[in-house]
Each structure stands twice: as structure tokens, then as C-alpha cells.
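K.L.:
Pasting final38.cif here (mmCIF, C-alpha atoms):
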```
data_work
#
loop_
_atom_site.label_atom_id
_atom_site.label_comp_id
_atom_site.auth_asym_id
_atom_site.auth_seq_id
_atom_site.Cartn_x
_atom_site.Cartn_y
_atom_site.Cartn_z
CA MET A 27 0.00 0.00 0.00
CA ARG A 28 1.47 3.33 -1.02
CA ILE A 29 0.35 6.92 -0.89
CA LYS A 30 0.62 8.21 -4.45
CA LEU A 31 -2.31 10.50 -4.75
CA THR A 32 -4.22 13.00 -2.72
CA SER A 33 -6.78 15.56 -3.71
CA VAL A 34 -8.43 18.87 -3.08
CA MET A 35 -12.01 19.57 -4.07
CA VAL A 36 -12.36 22.62 -6.25
CA ALA A 37 -15.33 24.72 -7.23
CA ASP A 38 -14.16 25.01 -10.85
CA GLN A 39 -11.65 22.62 -12.39
CA ALA A 40 -10.50 24.87 -15.22
CA ARG A 41 -9.86 27.78 -12.89
CA ALA A 42 -8.18 25.46 -10.41
CA LEU A 43 -5.81 24.13 -13.05
CA ARG A 44 -4.83 27.70 -13.93
CA PHE A 45 -4.29 28.65 -10.31
CA TYR A 46 -2.34 25.55 -9.29
CA THR A 47 -0.07 25.74 -12.36
CA GLU A 48 0.24 29.38 -13.42
CA VAL A 49 0.08 30.91 -9.95
CA LEU A 50 1.34 28.31 -7.49
CA GLY A 51 3.74 26.86 -10.08
CA PHE A 52 2.83 23.17 -10.10
CA ARG A 53 3.02 21.19 -13.30
CA LYS A 54 0.07 19.51 -14.98
CA LYS A 55 0.51 15.75 -15.06
CA LEU A 56 -2.86 14.45 -16.26
CA ASP A 57 -5.86 16.19 -17.73
CA LEU A 58 -8.39 13.70 -19.12
CA PRO A 59 -12.07 14.27 -19.81
CA VAL A 60 -14.45 12.12 -17.76
CA GLY A 61 -18.01 12.85 -18.73
CA GLU A 62 -18.76 16.46 -17.93
CA TYR A 63 -15.78 16.60 -15.55
CA ARG A 64 -12.04 16.16 -15.92
CA TRP A 65 -9.44 14.06 -14.19
CA ILE A 66 -6.72 16.58 -13.45
CA THR A 67 -3.58 15.97 -11.45
CA VAL A 68 -0.62 18.22 -10.80
CA VAL A 69 2.85 17.56 -9.42
CA SER A 70 5.58 19.80 -8.12
CA PRO A 71 8.39 20.62 -10.57
CA GLU A 72 10.70 20.26 -7.55
CA GLY A 73 9.48 16.71 -6.98
CA PRO A 74 7.84 15.29 -10.11
CA GLY A 75 7.90 11.81 -8.54
CA ASP A 76 6.16 13.05 -5.39
CA VAL A 77 2.54 12.50 -4.54
CA GLU A 78 0.13 13.69 -7.23
CA LEU A 79 -2.55 16.16 -6.31
CA ALA A 80 -5.93 15.63 -8.01
CA LEU A 81 -8.12 18.68 -8.52
CA GLU A 82 -11.46 17.04 -7.93
CA PRO A 83 -14.79 18.54 -8.90
CA GLY A 84 -16.60 19.53 -5.71
CA ALA A 85 -19.95 18.80 -7.31
CA HIS A 86 -21.64 17.06 -4.42
CA PRO A 87 -23.77 19.47 -2.37
CA ALA A 88 -22.32 18.10 0.87
CA ALA A 89 -18.82 18.70 -0.46
CA LYS A 90 -19.67 22.35 -1.03
CA ALA A 91 -21.13 22.74 2.46
CA PHE A 92 -18.07 21.14 4.04
CA GLN A 93 -15.70 23.24 1.97
CA GLU A 94 -17.47 26.49 2.81
CA ALA A 95 -17.62 25.72 6.51
CA MET A 96 -13.92 24.92 6.71
CA PHE A 97 -13.08 28.01 4.68
CA SER A 98 -15.19 30.36 6.78
CA ASP A 99 -13.52 29.06 9.93
CA GLY A 100 -10.12 29.74 8.42
CA ILE A 101 -9.09 26.08 8.32
CA PRO A 102 -6.70 25.02 5.54
CA ILE A 103 -7.59 21.91 3.57
CA ALA A 104 -4.05 21.08 2.45
CA ALA A 105 -0.50 22.09 3.29
CA PHE A 106 2.47 22.39 0.95
CA GLU A 107 6.07 22.53 2.11
CA VAL A 108 8.21 25.42 0.89
CA SER A 109 11.85 26.21 1.49
CA ASP A 110 11.31 29.97 1.89
CA VAL A 111 7.83 30.94 3.00
CA ALA A 112 8.62 34.67 3.06
CA ALA A 113 9.76 34.56 -0.58
CA GLU A 114 6.65 32.60 -1.60
CA PHE A 115 4.46 35.08 0.25
CA ASP A 116 6.03 38.01 -1.64
CA ARG A 117 5.94 36.24 -5.00
CA LEU A 118 2.31 35.14 -4.68
CA LYS A 119 1.11 38.43 -3.25
CA LYS A 120 2.47 40.18 -6.33
CA GLN A 121 0.36 37.81 -8.43
CA GLY A 122 -2.76 38.93 -6.61
CA VAL A 123 -3.12 35.97 -4.27
CA ALA A 124 -5.13 36.67 -1.12
CA PHE A 125 -3.55 35.56 2.14
CA THR A 126 -5.40 35.18 5.41
CA ARG A 127 -2.16 34.84 7.33
CA GLU A 128 1.25 36.28 6.60
CA PRO A 129 4.31 34.18 7.36
CA THR A 130 4.04 33.43 11.07
CA PRO A 131 6.26 31.28 13.27
CA ALA A 132 4.26 28.37 14.67
CA GLY A 133 6.29 25.90 16.71
CA PRO A 134 8.68 23.99 14.45
CA VAL A 135 7.42 25.65 11.26
CA THR A 136 6.65 29.03 9.80
CA ILE A 137 3.28 29.08 8.11
CA ALA A 138 1.27 31.28 5.79
CA ILE A 139 -2.30 30.70 4.61
CA LEU A 140 -3.70 31.61 1.20
CA SER A 141 -6.96 31.24 -0.70
CA ASP A 142 -6.76 29.04 -3.80
CA THR A 143 -9.69 30.96 -5.39
CA CYS A 144 -11.54 27.63 -5.72
CA GLY A 145 -13.01 27.43 -2.25
CA ASN A 146 -10.01 26.28 -0.22
CA LEU A 147 -7.47 27.69 2.17
CA ILE A 148 -3.98 26.31 1.63
CA GLN A 149 -1.24 26.38 4.24
CA LEU A 150 2.36 26.87 3.21
CA TYR A 151 4.89 25.72 5.77
CA GLN A 152 8.59 26.09 6.06
CA PRO A 153 10.31 23.73 8.50
CA ALA A 154 12.77 25.58 10.73
CA MET H 26 -3.07 40.98 -0.56
CA LEU H 27 -3.17 40.20 3.12
CA LEU H 28 -6.67 40.16 4.56
CA ALA H 29 -7.27 41.13 8.17
CA PRO H 30 -9.32 38.50 10.03
CA ASP H 31 -12.41 40.70 10.27
CA VAL H 32 -12.29 41.53 6.55
CA PHE H 33 -12.00 37.83 5.74
CA ARG H 34 -15.00 37.09 7.97
CA ARG H 35 -17.04 39.81 6.31
CA LEU H 36 -16.18 38.48 2.85
CA CYS H 37 -17.29 34.98 3.86
CA ARG H 38 -20.51 36.41 5.23
CA ALA H 39 -21.03 38.26 1.94
CA ARG H 40 -20.51 35.00 0.05
CA ASP H 41 -23.21 33.38 2.21
CA LEU H 42 -25.60 36.27 1.55
CA LEU H 43 -25.04 36.11 -2.20
CA GLN H 44 -25.69 32.37 -2.17
CA GLY H 45 -28.65 32.57 0.16
CA ASP H 46 -32.20 31.62 -0.72
CA PRO H 47 -33.40 34.10 -3.30
CA GLU H 48 -36.50 36.07 -2.59
CA PRO H 49 -38.12 37.44 -5.72
CA ASP H 50 -37.14 41.07 -6.23
CA ALA H 51 -35.57 41.11 -2.79
CA SER H 52 -32.19 39.55 -3.44
CA PRO H 53 -29.61 42.07 -2.24
CA SER H 54 -27.64 43.85 -4.95
CA VAL H 55 -23.87 43.58 -4.95
CA ALA H 56 -23.74 47.19 -3.74
CA ASP H 57 -26.08 46.26 -0.85
CA VAL H 58 -23.87 43.34 0.11
CA ALA H 59 -20.74 45.52 -0.08
CA ARG H 60 -22.41 48.11 2.12
CA GLY H 61 -23.44 45.39 4.56
CA ALA H 62 -19.83 44.24 4.70
CA GLY H 63 -18.72 47.78 5.41
CA ILE H 64 -16.35 47.81 2.43
CA SER H 65 -16.43 50.24 -0.50
CA PRO H 66 -17.84 48.54 -3.63
CA TYR H 67 -14.51 48.91 -5.43
CA HIS H 68 -12.48 47.20 -2.73
CA PHE H 69 -15.25 44.72 -2.03
CA ILE H 70 -15.31 43.41 -5.59
CA ARG H 71 -11.53 43.34 -5.81
CA GLN H 72 -11.04 41.50 -2.51
CA PHE H 73 -13.97 39.17 -3.15
CA GLU H 74 -12.56 38.11 -6.49
CA ALA H 75 -9.08 37.53 -5.04
CA VAL H 76 -10.54 35.27 -2.35
CA PHE H 77 -13.27 33.42 -4.25
CA GLY H 78 -11.99 33.59 -7.83
CA LEU H 79 -15.17 35.20 -9.15
CA THR H 80 -16.82 38.59 -8.88
CA PRO H 81 -19.74 38.68 -6.43
CA HIS H 82 -22.19 38.79 -9.33
CA ARG H 83 -20.67 35.79 -11.07
CA LEU H 84 -20.46 33.80 -7.85
CA ARG H 85 -24.16 34.35 -7.28
CA THR H 86 -24.95 33.22 -10.82
CA ARG H 87 -22.78 30.15 -10.46
CA SER H 88 -24.41 29.26 -7.17
CA ARG H 89 -27.88 29.58 -8.69
CA LEU H 90 -26.92 27.40 -11.64
CA ASP H 91 -25.43 24.74 -9.35
CA ARG H 92 -28.64 24.67 -7.37
CA ALA H 93 -30.67 24.51 -10.58
CA ARG H 94 -28.64 21.55 -11.74
CA LEU H 95 -29.37 19.67 -8.53
CA LEU H 96 -33.09 20.48 -8.61
CA LEU H 97 -33.38 19.46 -12.26
CA ALA H 98 -31.56 16.22 -11.56
CA GLU H 99 -33.93 15.45 -8.71
CA GLY H 100 -36.70 15.65 -11.29
CA ARG H 101 -39.50 16.97 -9.10
CA LEU H 102 -39.79 20.49 -10.52
CA SER H 103 -40.33 21.69 -14.07
CA VAL H 104 -37.69 23.79 -15.80
CA THR H 105 -39.80 26.92 -15.27
CA ASP H 106 -40.26 26.17 -11.57
CA VAL H 107 -36.54 25.56 -11.13
CA CYS H 108 -35.78 28.83 -12.90
CA MET H 109 -37.98 30.75 -10.46
CA GLU H 110 -36.91 28.70 -7.45
CA VAL H 111 -33.22 29.53 -7.85
CA GLY H 112 -33.89 33.22 -8.41
CA PHE H 113 -33.91 33.91 -12.14
CA SER H 114 -36.77 35.98 -13.44
CA SER H 115 -36.26 35.25 -17.16
CA LEU H 116 -36.53 31.70 -18.45
CA GLY H 117 -34.58 32.67 -21.57
CA SER H 118 -31.55 34.00 -19.75
CA PHE H 119 -31.68 31.08 -17.30
CA SER H 120 -31.65 28.58 -20.17
CA ASP H 121 -28.81 30.40 -21.94
CA LEU H 122 -26.64 30.62 -18.83
CA PHE H 123 -27.38 27.03 -17.88
CA ALA H 124 -26.51 25.73 -21.34
CA ARG H 125 -23.28 27.72 -21.38
CA ARG H 126 -22.20 26.34 -18.01
CA VAL H 127 -23.44 22.77 -18.21
CA GLY H 128 -23.16 22.19 -21.94
CA GLU H 129 -26.80 21.44 -22.64
CA PRO H 130 -30.10 23.24 -22.06
CA PRO H 131 -31.97 22.63 -18.80
CA SER H 132 -34.75 20.67 -20.50
CA SER H 133 -32.40 18.09 -22.00
CA TYR H 134 -30.34 17.93 -18.80
CA ARG H 135 -33.51 17.17 -16.87
CA ARG H 136 -34.56 14.50 -19.38
CA ARG H 137 -31.14 12.88 -19.26
CA ALA H 138 -31.09 12.90 -15.46
CA ARG H 139 -34.54 11.32 -15.34
CA SER H 140 -33.46 8.53 -17.65
CA MET H 141 -30.67 7.54 -15.28
CA VAL H 142 -31.38 4.90 -12.69
CA SER H 143 -31.77 6.54 -9.32
CA VAL H 144 -33.69 6.69 -6.12
CA PRO H 145 -36.89 8.62 -6.93
CA GLY H 146 -36.58 12.23 -5.87
CA ARG H 147 -32.82 12.06 -5.50
CA ALA H 148 -30.23 13.26 -7.97
CA PRO H 149 -28.55 10.40 -9.86
CA ARG H 150 -25.17 9.77 -8.30
CA ASP H 151 -23.43 9.72 -11.66
CA LEU H 152 -24.25 13.39 -12.14
CA PHE H 153 -22.67 14.32 -8.82
CA PRO H 154 -19.84 11.84 -8.58
CA GLY H 155 -17.78 11.20 -5.53
CA CYS H 156 -14.77 12.66 -7.14
CA LEU H 157 -12.23 9.91 -6.81
CA SER H 158 -14.78 7.60 -8.40
CA LEU H 159 -13.91 9.34 -11.68
CA MET H 160 -10.71 7.32 -11.61
CA ALA H 161 -12.63 4.22 -12.64
CA ARG H 162 -13.40 5.80 -15.99
CA LEU H 163 -9.82 6.64 -16.98
CA PRO H 164 -7.89 4.77 -19.66
CA PRO H 165 -5.20 2.36 -18.41
CA SER H 166 -2.52 4.65 -19.86
CA ALA H 167 -3.29 7.16 -17.11
CA PHE H 168 -1.48 4.84 -14.70
CA ARG H 169 1.19 3.42 -16.99
CA ASN H 170 4.01 5.47 -15.46
CA SER H 171 2.73 5.08 -11.97
CA GLY H 172 5.54 4.48 -9.53
CA GLU H 173 8.20 6.19 -11.62
CA ALA H 174 9.47 9.68 -11.41
CA ALA H 175 9.04 10.70 -15.00
CA PRO H 176 9.86 14.36 -15.45
CA GLY H 177 10.72 13.73 -19.11
CA SER H 178 7.20 12.60 -19.84
CA LEU H 179 5.60 15.76 -18.59
#
```
Mind turning this structure into C-alpha cells?

P.N.:
Amino acid sequence: MRIKLTSVMVADQARALRFYTEVLGFRKKLDLPVGEYRWITVVSPEGPGDVELALEPGAHPAAKAFQEAMFSDGIPIAAFEVSDVAAEFDRLKKQGVAFTREPTPAGPVTIAILSDTCGNLIQLYQPA
Amino acid sequence: MLLAPDVFRRLCRARDLLQGDPEPDASPSVADVARGAGISPYHFIRQFEAVFGLTPHRLRTRSRLDRARLLLAEGRLSVTDVCMEVGFSSLGSFSDLFARRVGEPPSSYRRRARSMVSVPGRAPRDLFPGCLSLMARLPPSAFRNSGEAAPGSL
């Protein structure tokens, strides 16, 4: 048993693909049509053999309710490791990304939290 | 941009208002919602879009169309009733927007949903898939390189 894939639910797959590639900087691995949806995965260019992240359609009404409740309470749905969270914060802010938390020391990590524009908060963390 | 906690809360509250149950002719305008959030309309729209990816107006439309899709798939209401129920006043513009977003007009979507096996009164699961279930419908080639780091193939 291996962990090869994880996912975030997104409100709009096309917009999510743009955000996760053009803004965050991930690389598209798969983009296949499945009925009215798409199977989209992205990987990090820094670790193309790492876990794939699927951008899943959040079509189910319960998925939307869950997503909105987590978002409103400021709770991130995924966390990505970065080597320089301050640099990422500056780079992404210039691209118009909205942060709910600027780089903040939190125990063994420094974290920042951003909105992925598709209904999720994402935590960036830099290990000390 | 960095959003202060209270601004973020007010934007989430605005999102909830825009997605709330529509009351005919009483749905708040975007300017009303901005005023309620205590943010100037210019900054409101700009911040809203940065957080939610859509302008307030477009988010409301998307939310109405999502709800329409679910109601049509459940099959209990007619297209006209669904149109009114989700807060559109013109059947024509509802049908146009729906077709543009979903890829087919509401009437044919409703017919197709009804033809799918389902629990009566509930939307067919295939139309609202548990997302990872989509994996079952991929070609085998999607997993051919699984297990390898294959930067060259990207």
C-alpha cells in the first residue's frame, strides 16, 4: 500500500488548473475528460515523482457545504512545504493571491495561509 | 493581498448572503452586500474576487446554476419552476446561462437525469460523482508510469 495521490475539491476545475499551475507553479501531469468533468492531477516541478494532487470537482452538495464551513472558519484543507515561505508570500502576493495569514512562526514551522480561489485555504509551511 | 481576520470574515458572510435563498425582487444587490460588509464597492469586488476567484455577481450566478442543476436532476420540478426557485426571473436568460455552463439546455439535462437509474426524488449519483470515483473511468494509460518519477514525460 502506497500513498501516491491525494486531492483537493475545487469549485471550478478549469480555474483550479490555472491557479495551481500558473500561480502556485505546479506542473500539470494528467488532464483527461471524464463525462462532464475532468481528471486533473498536478505535481511539483521540484518533486515530479512526489505524490500527485488531483483537482477534484466539488460537485456534491455536501462537499460544497463542508468546503465552505472549513473556509469560513479559516481552516486550511491542504498544506504544501516550501523552502522559503517569506519569498513565496512576496511572489504570490504580487500575483494577486489573497492571504489570510502572513508568514508566522508556529512551533517547528513558519506558516502562511492563502486562498486558492476555488473554495479552499492552503497552508504553506517552512520547517525551521 | 493580506486580509485582516475581520475583513475575511465579512467576505465569507457576503458570500453566504449572495448564495442565500433568493427572494423574488428582494435579493440584495452587490452594492447592498458591499455596504453590509462595510467595504467600498470597489475594494469589495476586488477583494472578493481575489478570495473566491469570481466577482460577487458571477459567484451568485454560479451558485444559482449549481442549485438549478441539482433540482433538475432530482426531477420533481419543471424547468420553469426551477428557474424561479433559484432566483432567475427570465426563463430565456436562465436557459442560456445554464446551457453555457453545463453544456446542454436545462430541458435536456432534466430528461437525461430522469433517464438515469436513481432513487426517486434524488439526484442520480453519476451526475454528482464522488470525485475519486472518476478514476474508474480513466484509460489504463493514465497509470502506466505510476511508480516512476518521470519528469521527461511531462

K.L.:
Given a cut-off of 9 Å, which residues of chain A touch chain H, counting all atoms listed in the file, written out as a ChimeraX atom specification?

P.N.:
/A:30,33,35,41,53-56,58-65,71,73-76,80,82-87,94,97-100,118-120,122-128,140-146

K.L.:
How big is the axis-aligned box around all listed atoms of stretch 31-38 of chain A once 4 Å goes on each side, and where's its centre, in Å to one decimal, as JSON?

P.N.:
```
{"center_x": -8.8, "center_y": 17.8, "center_z": -6.8, "size_x": 21.0, "size_y": 22.5, "size_z": 16.1}
```

K.L.:
Which one is closest to A:Ala138: A:Gln121, A:Val108, A:Ala37, A:Arg28? Count all atoms listed in the file.

P.N.:
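Using all atoms listed in the file, the shortest distance to A:Ala138 belongs to A:Val108.
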
K.L.:
I'd like the residues picked by the PyMOL selection byres ((chain H and resi 59) around 10) written out as a list in words, using the chain letters and numbers from the file.

P.N.:
Arg35, Leu36, Ala39, Pro53, Ser54, Val55, Ala56, Asp57, Val58, Arg60, Gly61, Ala62, Gly63, Ile64, Ser65, Pro66, Tyr67, His68, Phe69, Ile70, Phe73 and Pro81 of chain H

K.L.:
Could you list, as a PDB file with C-alpha atoms, in the coordinates of the input, every residue within 9 Å of H:Ser120, counting only C-alpha atoms and ignoring same-chain residues fewer than 6 positions away?

P.N.:
```pdb
ATOM      1  CA  VAL H 104     -37.690  23.790 -15.800  1.00  0.00           C
ATOM      2  CA  CYS H 108     -35.780  28.830 -12.900  1.00  0.00           C
ATOM      3  CA  GLU H 129     -26.800  21.440 -22.640  1.00  0.00           C
ATOM      4  CA  PRO H 130     -30.100  23.240 -22.060  1.00  0.00           C
ATOM      5  CA  PRO H 131     -31.970  22.630 -18.800  1.00  0.00           C
ATOM      6  CA  SER H 132     -34.750  20.670 -20.500  1.00  0.00           C
TER       7      SER H 132
END
```

K.L.:
Have a look at atom CA of H:Val107 and atom CA of A:Ala89 and let me know their distance in Å, one decimal.

P.N.:
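Going from atom CA of H:Val107 over to atom CA of A:Ala89 covers 21.8 Å.
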
K.L.:
For the file shown, report as number ranges by chain the outcome of the PyMOL selection byres ((chain H and resi 100) around 9) at residue level.

P.N.:
H: 95-99, 101-103, 135-136, 138-139, 145-148

K.L.:
Could you check the closest approach to H:Arg83 for each of H:Asp106, H:Ser115, H:Gln44, H:Ser52 and tell me which residue wins, using only C-alpha atoms?

P.N.:
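Among H:Asp106, H:Ser115, H:Gln44, H:Ser52, it is H:Gln44 that comes nearest to H:Arg83.
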
K.L.:
Select, from A:Arg117, A:Gln93, A:Ile137, A:Val34, the residue with the minimum atom-to-atom distance to A:Val49, counting all atoms listed in the file.

P.N.:
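For A:Val49, the nearest of the candidates is A:Arg117.
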
K.L.:
Just to confirm, what's the straight-line distance from atom CA of A:Val68 to atom CA of A:Glu48 in Å (one decimal)?

P.N.:
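About the pair atom CA of A:Val68 and atom CA of A:Glu48: they are 11.5 Å apart.
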
K.L.:
Atom CA of A:Ala105 to atom CA of A:Gln149: how many Å, to one decimal?

P.N.:
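Atom CA of A:Gln149 lies 4.5 Å from atom CA of A:Ala105.
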
K.L.:
Can you pull out every residue within 9 Å of A:Leu43, counting all atoms listed in the file, but drop anything in the same chain fewer than 3 positions away, and send it as a PyMOL selection string?

P.N.:
chain A and resi 38-40+46-48+54+66-68+81

K.L.:
Step by step: locate stretch 30-48 of chain A in the block above, keep C-alpha atoms, then write the file as a short mmCIF file (atom, residue, chain, number, x, y, z; two decimals), in the first residue's frame.

P.N.:
```cif
data_model
loop_
_atom_site.label_atom_id
_atom_site.label_comp_id
_atom_site.auth_asym_id
_atom_site.auth_seq_id
_atom_site.Cartn_x
_atom_site.Cartn_y
_atom_site.Cartn_z
CA LYS A 30 0.62 8.21 -4.45
CA LEU A 31 -2.31 10.50 -4.75
CA THR A 32 -4.22 13.00 -2.72
CA SER A 33 -6.78 15.56 -3.71
CA VAL A 34 -8.43 18.87 -3.08
CA MET A 35 -12.01 19.57 -4.07
CA VAL A 36 -12.36 22.62 -6.25
CA ALA A 37 -15.33 24.72 -7.23
CA ASP A 38 -14.16 25.01 -10.85
CA GLN A 39 -11.65 22.62 -12.39
CA ALA A 40 -10.50 24.87 -15.22
CA ARG A 41 -9.86 27.78 -12.89
CA ALA A 42 -8.18 25.46 -10.41
CA LEU A 43 -5.81 24.13 -13.05
CA ARG A 44 -4.83 27.70 -13.93
CA PHE A 45 -4.29 28.65 -10.31
CA TYR A 46 -2.34 25.55 -9.29
CA THR A 47 -0.07 25.74 -12.36
CA GLU A 48 0.24 29.38 -13.42
#
```
